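Dropping entry.cif in here (mmCIF, C-alpha atoms (C1' of nucleotides)):
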```
data_coords
loop_
_atom_site.label_atom_id
_atom_site.label_comp_id
_atom_site.auth_asym_id
_atom_site.auth_seq_id
_atom_site.Cartn_x
_atom_site.Cartn_y
_atom_site.Cartn_z
CA MET A 228 53.29 -49.88 85.81
CA TYR A 229 53.14 -48.80 89.45
CA LYS A 230 55.80 -49.70 91.98
CA LEU A 231 55.27 -48.97 95.67
CA ILE A 232 58.56 -47.84 97.18
CA LYS A 233 57.64 -46.85 100.69
CA GLN A 234 54.58 -46.45 102.85
CA GLU A 235 53.90 -44.34 105.93
CA GLY A 236 50.45 -44.93 107.39
CA ARG A 237 48.29 -44.89 104.30
CA ALA A 238 50.57 -42.43 102.50
CA ARG A 239 52.47 -44.00 99.60
CA ARG A 240 55.73 -43.13 97.89
CA GLY A 241 55.89 -44.78 94.47
CA GLU A 242 56.98 -44.75 90.85
CA PHE A 243 54.75 -45.07 87.84
CA SER A 244 56.63 -46.05 84.72
CA THR A 245 55.31 -45.25 81.26
CA VAL A 246 56.69 -45.09 77.73
CA HIS A 247 57.07 -41.34 78.22
CA GLY A 248 59.07 -41.62 81.43
CA THR A 249 58.66 -42.52 85.06
CA ILE A 250 56.46 -40.43 87.34
CA GLN A 251 57.62 -40.09 90.93
CA THR A 252 54.51 -40.15 93.11
CA PRO A 253 52.74 -38.52 94.85
CA ALA A 254 52.54 -36.15 91.88
CA PHE A 255 50.55 -33.19 90.64
CA MET A 256 49.42 -33.00 87.01
CA ASN A 257 49.67 -29.61 85.34
CA VAL A 258 46.40 -28.80 83.61
CA ALA A 259 46.75 -27.79 79.95
CA THR A 260 43.14 -28.30 78.87
CA ALA A 261 43.45 -27.30 75.24
CA GLY A 262 47.10 -28.27 74.96
CA ALA A 263 48.40 -25.19 76.71
CA ILE A 264 48.69 -23.97 80.27
CA LYS A 265 46.44 -20.94 80.51
CA GLY A 266 48.41 -17.80 81.25
CA ALA A 267 50.99 -18.00 78.47
CA VAL A 268 53.08 -20.80 79.97
CA SER A 269 54.53 -23.33 77.54
CA ALA A 270 55.61 -26.94 77.88
CA LEU A 271 59.20 -25.71 77.86
CA ASP A 272 58.49 -23.52 80.90
CA LEU A 273 56.92 -26.55 82.59
CA LYS A 274 59.91 -28.72 81.88
CA GLU A 275 62.79 -26.32 82.39
CA GLN A 276 61.54 -24.07 85.17
CA LEU A 277 58.48 -25.42 86.96
CA HIS A 278 59.45 -28.93 88.11
CA ALA A 279 56.43 -30.39 86.29
CA ARG A 280 56.16 -34.16 86.00
CA VAL A 281 52.92 -34.69 84.11
CA GLN A 282 50.73 -32.66 81.80
CA LEU A 283 46.95 -33.10 81.60
CA CYS A 284 44.96 -32.32 78.46
CA ASN A 285 41.29 -32.62 77.67
CA THR A 286 39.74 -34.94 75.12
CA TYR A 287 36.64 -32.85 74.58
CA HIS A 288 38.43 -29.55 74.02
CA LEU A 289 41.04 -30.99 71.66
CA HIS A 290 38.34 -32.89 69.77
CA LEU A 291 36.56 -29.61 69.04
CA ARG A 292 39.76 -27.63 68.36
CA PRO A 293 41.98 -28.34 66.51
CA GLY A 294 40.40 -31.81 66.13
CA ASP A 295 41.96 -35.11 67.22
CA GLU A 296 42.50 -36.18 63.59
CA THR A 297 44.55 -33.02 63.10
CA VAL A 298 46.64 -33.76 66.19
CA LYS A 299 47.21 -37.28 64.92
CA LYS A 300 48.34 -35.98 61.52
CA LEU A 301 50.77 -33.69 63.32
CA GLY A 302 52.30 -36.62 65.16
CA GLY A 303 50.30 -36.74 68.39
CA ILE A 304 49.85 -34.55 71.42
CA HIS A 305 53.46 -34.92 72.64
CA LYS A 306 55.03 -33.67 69.44
CA PHE A 307 52.27 -31.07 69.01
CA THR A 308 52.68 -29.43 72.43
CA ARG A 309 56.42 -30.14 72.74
CA TRP A 310 55.93 -31.85 76.12
CA ASP A 311 57.81 -35.13 75.99
CA GLY A 312 56.90 -36.37 79.46
CA PRO A 313 53.78 -38.28 80.46
CA ILE A 314 50.43 -36.82 79.40
CA LEU A 315 47.08 -37.83 80.82
CA THR A 316 43.98 -37.02 78.81
CA ASP A 317 40.70 -36.52 80.60
CA SER A 318 37.90 -38.36 78.84
CA GLY A 319 35.33 -35.64 78.32
CA GLY A 320 33.14 -37.19 81.01
CA PHE A 321 33.50 -34.15 83.20
CA GLN A 322 32.22 -31.90 80.42
CA VAL A 323 28.99 -33.90 80.46
CA PHE A 324 28.70 -32.69 84.03
CA SER A 325 29.90 -29.12 83.56
CA LEU A 326 27.71 -28.65 80.47
CA ALA A 327 24.82 -30.31 82.31
CA LYS A 328 22.17 -27.88 81.07
CA LEU A 329 22.66 -29.01 77.51
CA ARG A 330 23.19 -32.74 77.91
CA ASN A 331 21.18 -35.83 76.99
CA ILE A 332 22.55 -39.04 78.49
CA LYS A 333 21.65 -42.41 77.00
CA GLU A 334 23.12 -45.91 77.17
CA GLU A 335 25.14 -45.37 73.96
CA GLY A 336 26.63 -42.10 75.17
CA VAL A 337 25.89 -38.43 75.60
CA THR A 338 24.64 -35.76 73.23
CA PHE A 339 25.47 -32.21 74.19
CA ALA A 340 26.00 -28.80 72.66
CA SER A 341 29.46 -27.50 71.81
CA HIS A 342 30.46 -24.54 73.97
CA ILE A 343 32.11 -22.99 70.93
CA ASP A 344 29.35 -22.89 68.33
CA GLY A 345 26.44 -24.75 69.92
CA ARG A 346 26.46 -27.63 67.45
CA LYS A 347 25.39 -31.04 68.75
CA ILE A 348 28.22 -33.34 69.80
CA PHE A 349 27.85 -37.05 70.49
CA MET A 350 30.36 -38.79 72.72
CA GLY A 351 30.29 -42.29 74.12
CA PRO A 352 32.97 -44.65 75.43
CA GLU A 353 34.16 -45.64 71.94
CA GLU A 354 34.28 -42.04 70.69
CA SER A 355 36.23 -40.92 73.74
CA MET A 356 38.74 -43.78 73.35
CA ARG A 357 39.18 -43.09 69.63
CA ILE A 358 39.84 -39.42 70.27
CA GLN A 359 42.32 -40.16 73.05
CA SER A 360 44.01 -42.75 70.83
CA ASN A 361 44.33 -40.16 68.07
CA LEU A 362 45.84 -37.72 70.55
CA GLY A 363 48.28 -40.44 71.58
CA SER A 364 48.37 -39.52 75.26
CA THR A 365 50.27 -41.66 77.76
CA ILE A 366 47.20 -42.31 79.87
CA ALA A 367 43.59 -42.26 78.71
CA MET A 368 40.78 -41.83 81.20
CA ALA A 369 37.63 -43.90 80.97
CA PHE A 370 34.49 -42.15 79.77
CA ASP A 371 32.32 -41.81 82.87
CA GLU A 372 29.40 -39.83 84.16
CA CYS A 373 30.40 -37.34 86.82
CA ILE A 374 27.27 -37.22 88.95
CA GLU A 375 25.92 -33.94 90.24
CA ASN A 376 25.87 -33.25 93.93
CA PRO A 377 23.48 -33.75 95.59
CA ALA A 378 21.92 -36.65 93.66
CA GLU A 379 19.20 -39.17 94.54
CA TYR A 380 20.38 -42.60 95.65
CA HIS A 381 18.58 -44.51 92.89
CA TYR A 382 19.92 -42.14 90.23
CA VAL A 383 23.49 -42.63 91.48
CA LYS A 384 23.02 -46.42 91.58
CA ASN A 385 21.79 -46.50 87.98
CA SER A 386 24.53 -44.12 86.91
CA ILE A 387 27.41 -46.15 88.37
CA GLU A 388 26.05 -49.29 86.74
CA ARG A 389 26.06 -47.50 83.40
CA THR A 390 29.54 -46.09 84.09
CA THR A 391 30.71 -49.67 84.75
CA ARG A 392 29.26 -50.85 81.41
CA TRP A 393 30.90 -47.87 79.71
CA LEU A 394 34.21 -48.82 81.32
CA MET A 395 34.03 -52.32 79.85
CA ARG A 396 33.38 -50.78 76.44
CA CYS A 397 36.32 -48.40 76.94
CA LYS A 398 38.66 -51.28 77.73
CA THR A 399 37.54 -53.32 74.72
CA GLU A 400 37.87 -50.35 72.38
CA MET A 401 41.28 -49.35 73.74
CA GLN A 402 42.65 -52.86 73.26
CA ARG A 403 41.42 -52.76 69.67
CA LEU A 404 42.89 -49.31 69.02
CA ASN A 405 46.27 -50.07 70.61
CA ALA A 406 46.62 -53.06 68.25
CA LEU A 407 46.04 -51.00 65.07
CA PRO A 408 49.15 -50.55 62.88
CA ASP A 409 49.02 -46.72 62.66
CA THR A 410 48.25 -46.02 66.32
CA VAL A 411 50.12 -42.99 67.71
CA ASN A 412 50.84 -44.64 71.06
CA PRO A 413 50.31 -48.43 71.02
CA HIS A 414 51.12 -48.55 74.75
CA GLN A 415 48.36 -46.18 75.81
CA LEU A 416 47.21 -46.90 79.35
CA LEU A 417 43.66 -46.84 80.68
CA PHE A 418 42.48 -45.63 84.11
CA GLY A 419 39.02 -46.47 85.45
CA ILE A 420 37.02 -43.95 87.45
CA ASN A 421 35.16 -44.64 90.66
CA GLN A 422 31.82 -42.89 91.10
CA GLY A 423 28.96 -43.18 93.59
CA GLY A 424 28.27 -39.63 94.71
CA THR A 425 28.40 -39.23 98.46
CA TYR A 426 27.02 -42.72 99.17
CA GLU A 427 29.80 -44.80 100.75
CA ASP A 428 28.10 -48.14 99.98
CA LEU A 429 27.76 -47.23 96.29
CA ARG A 430 31.34 -45.98 96.16
CA ILE A 431 32.58 -49.28 97.60
CA GLU A 432 30.30 -51.39 95.42
CA HIS A 433 31.48 -49.57 92.30
CA MET A 434 35.16 -49.78 93.28
CA ARG A 435 34.86 -53.53 93.77
CA ARG A 436 33.31 -53.88 90.33
CA ILE A 437 35.96 -51.90 88.48
CA ARG A 438 38.99 -53.32 90.28
CA GLU A 439 38.11 -56.70 88.78
CA MET A 440 38.82 -55.24 85.32
CA ASP A 441 42.55 -55.01 86.03
CA LEU A 442 43.13 -51.52 84.67
CA ASP A 443 46.40 -49.57 84.67
CA GLY A 444 45.23 -47.20 87.38
CA TYR A 445 42.20 -46.15 89.37
CA ALA A 446 40.74 -42.71 89.85
CA ILE A 447 38.25 -41.35 92.33
CA GLY A 448 35.99 -38.99 90.41
CA GLY A 449 32.98 -36.86 91.20
CA LEU A 450 34.46 -35.22 94.30
CA ALA A 451 35.05 -31.55 95.06
CA VAL A 452 31.77 -30.78 93.31
CA GLY A 453 30.03 -29.00 96.15
CA GLU A 454 30.16 -31.48 99.04
CA SER A 455 32.05 -30.49 102.20
CA THR A 456 35.75 -31.29 102.41
CA GLU A 457 34.97 -33.55 105.39
CA THR A 458 32.58 -35.55 103.22
CA MET A 459 35.23 -35.75 100.52
CA TYR A 460 37.80 -37.11 103.00
CA GLN A 461 35.26 -39.64 104.32
CA ILE A 462 34.60 -40.93 100.81
CA ILE A 463 38.32 -41.32 100.12
CA GLU A 464 38.77 -43.17 103.40
CA ALA A 465 35.88 -45.47 102.55
CA VAL A 466 37.06 -46.26 99.01
CA GLU A 467 40.83 -46.43 99.52
CA PRO A 468 40.91 -49.87 101.20
CA GLU A 469 39.06 -51.26 98.16
CA MET A 470 41.65 -49.91 95.70
CA PRO A 471 44.39 -52.30 94.51
CA LYS A 472 47.66 -51.69 96.39
CA ASN A 473 49.77 -52.32 93.30
CA LYS A 474 47.99 -49.76 91.12
CA ILE A 475 48.31 -45.99 91.02
CA ARG A 476 45.46 -43.96 92.56
CA TYR A 477 44.31 -40.63 91.17
CA LEU A 478 41.99 -38.16 92.90
CA MET A 479 40.44 -36.20 90.06
CA GLY A 480 40.19 -32.42 90.08
CA VAL A 481 41.59 -31.97 93.60
CA GLY A 482 42.51 -29.59 94.98
CA THR A 483 43.80 -27.02 97.42
CA PRO A 484 47.29 -27.58 98.87
CA ALA A 485 45.60 -28.77 102.09
CA ASN A 486 43.38 -31.16 100.09
CA ILE A 487 46.53 -32.62 98.53
CA LEU A 488 48.23 -33.16 101.90
CA GLU A 489 45.06 -34.78 103.22
CA GLY A 490 44.75 -36.87 100.05
CA VAL A 491 48.32 -38.15 100.23
CA ARG A 492 47.74 -39.00 103.89
CA ARG A 493 44.77 -41.10 102.80
CA GLY A 494 46.68 -43.03 100.14
CA VAL A 495 46.29 -40.97 96.95
CA ASP A 496 49.17 -40.85 94.42
CA LEU A 497 48.04 -38.45 91.72
CA PHE A 498 46.21 -35.12 91.66
CA ASP A 499 45.20 -32.48 89.16
CA CYS A 500 43.50 -29.16 89.62
CA VAL A 501 42.83 -25.94 87.75
CA MET A 502 43.19 -24.00 90.99
CA PRO A 503 46.86 -22.97 90.69
CA THR A 504 46.30 -21.63 87.17
CA ARG A 505 42.78 -20.20 87.50
CA ASN A 506 43.48 -18.55 90.83
CA ALA A 507 46.76 -17.14 89.57
CA ARG A 508 44.88 -15.40 86.77
CA HIS A 509 42.87 -13.62 89.45
CA ALA A 510 45.94 -12.66 91.51
CA HIS A 511 45.47 -15.45 94.05
CA LEU A 512 48.86 -16.89 94.97
CA PHE A 513 49.82 -19.92 97.06
CA THR A 514 52.71 -20.12 99.52
CA MET A 515 53.74 -22.50 102.31
CA GLN A 516 52.68 -19.74 104.72
CA GLY A 517 49.19 -19.41 103.23
CA ARG A 518 47.34 -17.93 100.29
CA MET A 519 47.33 -14.27 99.30
CA ASN A 520 45.51 -11.92 96.95
CA LEU A 521 48.11 -9.74 95.24
CA MET A 522 45.45 -7.23 94.24
CA ASN A 523 45.11 -6.20 97.88
CA ALA A 524 46.20 -2.60 98.47
CA LYS A 525 48.67 -3.65 101.15
CA TYR A 526 51.05 -5.01 98.50
CA ALA A 527 51.41 -1.75 96.55
CA LEU A 528 54.76 -0.92 98.17
CA ASP A 529 55.82 -4.45 99.19
CA GLU A 530 59.28 -5.20 97.81
CA ASN A 531 59.34 -8.84 98.94
CA PRO A 532 58.96 -11.64 96.41
CA ILE A 533 55.62 -13.50 96.52
CA GLU A 534 57.18 -16.08 98.82
CA PRO A 535 60.53 -15.24 100.41
CA GLY A 536 62.97 -18.03 99.68
CA CYS A 537 60.98 -19.41 96.75
CA GLN A 538 63.22 -20.36 93.81
CA CYS A 539 60.58 -19.99 91.08
CA PRO A 540 61.41 -17.69 88.13
CA THR A 541 58.91 -15.10 89.38
CA CYS A 542 60.13 -14.94 92.97
CA ARG A 543 63.76 -14.90 91.92
CA ASN A 544 63.22 -11.73 89.92
CA PHE A 545 60.10 -9.73 90.77
CA THR A 546 58.50 -8.00 93.77
CA ARG A 547 54.96 -8.18 95.08
CA ALA A 548 54.66 -4.45 94.35
CA TYR A 549 55.49 -5.00 90.67
CA LEU A 550 53.04 -7.90 90.35
CA HIS A 551 50.39 -5.85 92.19
CA HIS A 552 50.87 -3.12 89.61
CA LEU A 553 50.76 -5.57 86.68
CA PHE A 554 47.47 -7.01 87.93
CA LYS A 555 45.94 -3.57 88.50
CA ALA A 556 47.04 -2.53 85.02
CA GLY A 557 45.63 -5.71 83.46
CA GLU A 558 48.97 -6.67 81.97
CA MET A 559 49.26 -10.19 80.50
CA LEU A 560 52.61 -10.59 82.22
CA ALA A 561 50.83 -10.57 85.59
CA MET A 562 49.08 -13.83 84.68
CA ARG A 563 52.17 -15.51 83.33
CA LEU A 564 54.30 -14.64 86.37
CA ALA A 565 51.54 -15.64 88.80
CA VAL A 566 50.77 -18.92 87.01
CA MET A 567 54.46 -19.79 87.00
CA HIS A 568 54.72 -19.23 90.73
CA ASN A 569 51.60 -21.27 91.53
CA LEU A 570 52.60 -24.22 89.34
CA TYR A 571 56.12 -24.15 90.76
CA PHE A 572 54.54 -24.10 94.20
CA TYR A 573 52.28 -27.11 93.49
CA ASN A 574 55.01 -29.12 91.77
CA THR A 575 57.64 -28.46 94.42
CA LEU A 576 55.08 -29.16 97.13
CA MET A 577 54.95 -32.66 95.63
CA ASP A 578 58.78 -32.76 95.62
CA LYS A 579 58.74 -31.94 99.34
CA ILE A 580 56.07 -34.57 100.01
CA CYS A 581 58.12 -37.19 98.14
CA ALA A 582 61.25 -36.24 100.08
CA ALA A 583 59.39 -36.41 103.39
CA LEU A 584 58.05 -39.87 102.50
CA ASP A 585 61.53 -41.01 101.47
CA GLU A 586 62.80 -40.04 104.91
CA GLY A 587 59.80 -41.53 106.66
CA LYS A 588 58.84 -38.07 107.92
CA PHE A 589 55.63 -37.37 106.04
CA GLU A 590 53.53 -37.18 109.20
CA ASP A 591 55.88 -34.54 110.62
CA PHE A 592 55.74 -32.62 107.36
CA TYR A 593 51.94 -32.83 107.38
CA LYS A 594 51.66 -31.57 110.96
CA GLU A 595 54.11 -28.76 110.31
CA HIS A 596 52.29 -27.36 107.29
CA ILE A 597 48.63 -28.40 107.25
CA GLU A 598 47.40 -25.36 109.14
CA ALA A 599 49.60 -22.62 107.69
CA ILE A 600 49.21 -23.75 104.10
CA SER A 601 45.51 -22.93 103.93
CA ARG A 602 45.66 -19.77 106.00
CA ARG A 603 44.65 -16.48 104.42
CA ILE A 604 47.51 -13.96 104.48
"C1'" G B 18 27.75 41.63 75.64
"C1'" U B 19 23.21 38.58 73.75
"C1'" G B 20 20.85 33.82 73.19
"C1'" G B 21 20.91 28.55 74.15
"C1'" A B 22 22.64 24.36 76.73
"C1'" U B 23 25.23 22.07 81.00
"C1'" U B 24 26.09 20.99 86.40
"C1'" U B 25 23.76 14.11 90.24
"C1'" A B 26 29.50 9.08 93.75
"C1'" G B 27 36.71 9.68 92.15
"C1'" C B 28 35.13 9.32 86.46
"C1'" U B 29 31.01 8.68 82.69
"C1'" U B 30 26.02 8.97 83.06
"C1'" A B 31 20.34 7.42 84.36
"C1'" G B 32 16.57 9.48 87.26
"C1'" U B 33 9.15 9.19 84.29
"C1'" C B 34 3.76 13.66 86.24
"C1'" G B 35 7.09 16.75 92.18
"C1'" G B 36 6.00 11.36 96.25
"C1'" U B 37 9.39 5.87 100.51
"C1'" U B 38 16.19 4.80 101.88
"C1'" A B 39 18.78 9.03 94.58
"C1'" A B 40 20.35 4.20 90.32
"C1'" A B 41 24.07 1.98 86.94
"C1'" G B 42 28.89 1.10 84.60
"C1'" C B 43 34.00 1.98 85.38
"C1'" G B 44 37.43 2.90 89.32
"C1'" C B 45 38.35 1.92 94.64
"C1'" C B 46 38.12 -1.83 98.98
"C1'" A B 47 37.44 -6.92 100.12
"C1'" G B 48 35.85 -12.07 99.38
"C1'" U B 49 35.10 -16.55 96.15
"C1'" U B 50 37.26 -19.98 92.50
"C1'" U B 51 38.68 -27.89 93.01
"C1'" G B 52 38.85 -33.96 85.99
"C1'" U B 53 38.96 -24.81 83.24
"C1'" G B 54 32.86 -22.49 78.56
"C1'" G B 55 40.42 -17.74 79.85
"C1'" C B 56 40.25 -11.14 81.75
"C1'" A B 57 34.98 -14.45 85.85
"C1'" C B 58 31.60 -14.27 89.98
"C1'" U B 59 29.81 -12.18 94.89
"C1'" G B 60 29.75 -8.37 98.35
"C1'" G B 61 31.17 -3.43 100.39
"C1'" A B 62 32.47 1.75 100.89
"C1'" G B 63 31.47 6.12 98.35
"C1'" A B 64 26.45 11.69 96.82
"C1'" C B 65 24.35 18.05 101.72
"C1'" C B 66 21.86 16.07 93.52
"C1'" A B 67 26.85 23.43 91.72
"C1'" U B 68 25.49 27.46 95.52
"C1'" C B 69 21.84 30.58 97.85
"C1'" G B 70 16.84 31.67 98.22
"C1'" G B 71 11.59 30.67 96.91
"C1'" U B 72 6.87 27.67 95.77
"C1'" U B 73 4.80 23.12 98.07
"C1'" C B 74 2.38 18.66 103.06
"C1'" G B 75 6.67 17.05 100.13
"C1'" A B 76 11.95 19.39 95.43
"C1'" A B 77 17.58 16.07 92.13
"C1'" U B 78 12.85 17.31 89.55
"C1'" C B 79 9.07 23.65 89.46
"C1'" C B 80 10.59 29.27 89.93
"C1'" G B 81 14.49 33.22 90.72
"C1'" A B 82 19.48 34.81 91.45
"C1'" U B 83 24.62 33.64 91.43
"C1'" A B 84 28.52 30.51 89.87
"C1'" U B 85 30.41 26.70 86.23
"C1'" U B 86 31.60 24.59 81.61
"C1'" C B 87 30.40 24.37 76.46
"C1'" C B 88 28.13 26.17 71.78
"C1'" A B 89 26.27 29.98 68.53
"C1'" C B 90 25.86 35.13 67.36
"C1'" C B 91 27.49 40.37 67.90
#
```

Go through the file and emit its structure as structure tokens.
Amino acid sequence: MYKLIKQEGRARRGEFSTVHGTIQTPAFMNVATAGAIKGAVSALDLKEQLHARVQLCNTYHLHLRPGDETVKKLGGIHKFTRWDGPILTDSGGFQVFSLAKLRNIKEEGVTFASHIDGRKIFMGPEESMRIQSNLGSTIAMAFDECIENPAEYHYVKNSIERTTRWLMRCKTEMQRLNALPDTVNPHQLLFGINQGGTYEDLRIEHMRRIREMDLDGYAIGGLAVGESTETMYQIIEAVEPEMPKNKIRYLMGVGTPANILEGVRRGVDLFDCVMPTRNARHAHLFTMQGRMNLMNAKYALDENPIEPGCQCPTCRNFTRAYLHHLFKAGEMLAMRLAVMHNLYFYNTLMDKICAALDEGKFEDFYKEHIEAISRRI
RNA sequence: GUGGAUUUAGCUUAGUCGGUUAAAGCGCCAGUUUGUGGCACUGGAGACCAUCGGUUCGAAUCCGAUAUUCCACC
């Protein structure tokens, strides 16, 4: 249940309460696709050191390995990964998009080839809900089609109509599953996903359709898939007024620190992105002063921490020079230390945004940091 | 000492019958990464082709000498 605490312009400070705890929003969700943060970071690191509020796992990946039935037998995704806070599971809809070459979309669902062994997988709204129910996540995402960009108008129109029908099936199936006696999490929540490509009228039309279904939250999907950031911001601005004020809003897969500031400013409450983890694995670090590539030769003798003043476990203990060396040498520790810094950075960025909203100074915070935060240093 | 082989980018190598600006991997220097198909992708710099001489319109390529490293034999 979402509670709006304070508003500044369109930016919202809120609380989202779940059976696994209350999420202070705006919040960033830490991506643990297969039940683990890539880069050798555990749920305990997330909880004890990285200021994480929410973990995100993926339905498709966990369905293939170890299997959602297995996770259920082991007591659900919370017990399995040892993360006791809120967990959102992505529906597998995005994999339809990212595995586009191998897919076959029909009204019932999608057939596509496993990325592990190539075997044919079928997933539709009911399958996705059953898997997510077996995982026992806090929040399940609706099974949608993430449309490619660019896409023809008539294709997008047909697709969002199908996504709407799929959403109704998701809701029906989730209600049935939550009522079963052996359900892992009988209070599992369901978020709907807005689609419509880059067509504002289709975005608005679709949002109006799905808000009628009275879901637990609403996501904007299908953005940051190749369109310009300006286009992305325009779509958010067009859709946001159509989103219920008393429900949490989630911008899927976004984004850079600047994208997050811009998103909050446009009324978004929840974000997730692989960028802090993926970029960290390639020595790309984020700071309030800008982003840096630790592989660059200029850091070889630099005894500063990644970000002076940063209280993350990496910055409190190690120098840029040491991390530079670890990356050059291909040491696993380089990834772990870099991922920890980037996640700490993203999570504490959200802490700072929440604090600024609490004080009614978000706009000042935005103006102070929006330029520097995306600069290349 | 004799015979054979070797020498091309920092490293390991490719280079056809002599024919445009000598190619690749690694390394180096940068850039990219947005609901993750985990060590990725893109670009850049870098070579007097061991040296000297010869043949030829033209030589990394053919010939000679010298040097180099390795192998075998005495």

Exercise: stretch 289-291 of chain A partners within 9 Å, only C-alpha atoms (C1' of nucleotides), chain neighbours under 2 positions left out, as a ChimeraX atom specification: /A:260-262,284-287,293-296,298,341,343,358-359,362

d(atom CA of A:Ile420, atom CA of A:Lys299) in Å: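 Atom CA of A:Lys299 lies 25.6 Å from atom CA of A:Ile420.
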
task: Pick out the residues sitting within 9 Å of stretch 35-46 of chain B, and hand them over as a list in words; count only C-alpha atoms (C1' of nucleotides), and ignore anything fewer than 4 positions along from it in its own chain.
output: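 Returned residues: Asn523 and Ala524 of chain A; U25, G27, C28, U29, U30, A31, G61, A62, G63, A64, C66, U73, G75, A76, A77, U78 and C79 of chain B.
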
- request: Dump as JSON, numbers by chain the residues of chain B that approach chain A to within 9 Å, counting all atoms listed in the file.
  value: {"B": [46, 47, 50, 51, 52, 53, 54, 55, 56, 57]}

Include C-alpha atoms (C1' of nucleotides) and write out the residues we just selected as a CSV table (one decimal), in the frame of the given file.
```csv
chain,number,residue,atom,x,y,z
B,46,C,C1',38.1,-1.8,99.0
B,47,A,C1',37.4,-6.9,100.1
B,50,U,C1',37.3,-20.0,92.5
B,51,U,C1',38.7,-27.9,93.0
B,52,G,C1',38.8,-34.0,86.0
B,53,U,C1',39.0,-24.8,83.2
B,54,G,C1',32.9,-22.5,78.6
B,55,G,C1',40.4,-17.7,79.8
B,56,C,C1',40.2,-11.1,81.8
B,57,A,C1',35.0,-14.4,85.8
```

task: Can you turn the PyMOL selection byres ((chain B and resi 89) around 10) into a concrete residue list for this file, as a ChimeraX atom specification?
output: /B:20-21,88,90

Kindly export the residues of the current selection with C-alpha atoms (C1' of nucleotides), as a PDB file, keeping the file's coordinate frame.
```
ATOM      1  C1'   G B  20      20.850  33.820  73.190  1.00  0.00           C
ATOM      2  C1'   G B  21      20.910  28.550  74.150  1.00  0.00           C
ATOM      3  C1'   C B  88      28.130  26.170  71.780  1.00  0.00           C
ATOM      4  C1'   C B  90      25.860  35.130  67.360  1.00  0.00           C
TER       5        C B  90
END
```

Interatomic distance (Å, one decimal) between atom CA of A:Gly302 and atom CA of A:Gln276: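 Answer for the atom CA of A:Gly302 to atom CA of A:Gln276 separation: 25.4 Å.
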
query: Using the chain letters and numbers from the file, which residues does the PyMOL selection byres ((chain A and resi 472) around 10) grab, as a ChimeraX atom specification?
result: /A:229-231,239,467-471,473-476,494

Restricted to C-alpha atoms, what would the selected residues look like written as a CSV table (one decimal), in the coordinates of the input?
```
chain,number,residue,atom,x,y,z
A,229,TYR,CA,53.1,-48.8,89.4
A,230,LYS,CA,55.8,-49.7,92.0
A,231,LEU,CA,55.3,-49.0,95.7
A,239,ARG,CA,52.5,-44.0,99.6
A,467,GLU,CA,40.8,-46.4,99.5
A,468,PRO,CA,40.9,-49.9,101.2
A,469,GLU,CA,39.1,-51.3,98.2
A,470,MET,CA,41.6,-49.9,95.7
A,471,PRO,CA,44.4,-52.3,94.5
A,473,ASN,CA,49.8,-52.3,93.3
A,474,LYS,CA,48.0,-49.8,91.1
A,475,ILE,CA,48.3,-46.0,91.0
A,476,ARG,CA,45.5,-44.0,92.6
A,494,GLY,CA,46.7,-43.0,100.1
```

Residues in the PyMOL selection byres ((chain A and resi 490) around 10), expressed as a list in words: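 On this input, the PyMOL selection byres ((chain A and resi 490) around 10) captures Arg237, Ala238, Pro253, Met459, Tyr460, Ile463, Glu464, Tyr477, Leu478, Val481, Gly482, Pro484, Ala485, Asn486, Ile487, Leu488, Glu489, Val491, Arg492, Arg493, Gly494, Val495, Asp496, Leu497 and Phe498 of chain A.
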
Spatial neighbours of A:Ile314, 9 Å, only C-alpha atoms (C1' of nucleotides), chain gap at least 5 places, as a ChimeraX atom specification: /A:247,256,281-284,304-305,363-367

message: Residues near B:U86, anyone? I mean within 12 Å using only C-alpha atoms (C1' of nucleotides), not counting same-chain ones fewer than 6 positions away, as an NGL selection string.
response: :B and (22-24 or 67)

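Nearest to A:Tyr382 of all the residues A:Gly424, A:Gly444, A:Gly345, A:Gly336 is A:Gly424, based on only C-alpha atoms.
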
message: Using all atoms listed in the file, which protein or nucleic acid residues come within 12 Å of B:U83? Drop anything in the same chain fewer than 2 positions from it, and give the result as a list in words.
response: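 Near B:U83, the qualifying residues are A67, U68, C69, G70, G81 and U85 of chain B.
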
task: Rounded to one decimal place, report the atom CA of A:Pro413-atom CA of A:Gly248 distance in Å.
output: 15.2 Å
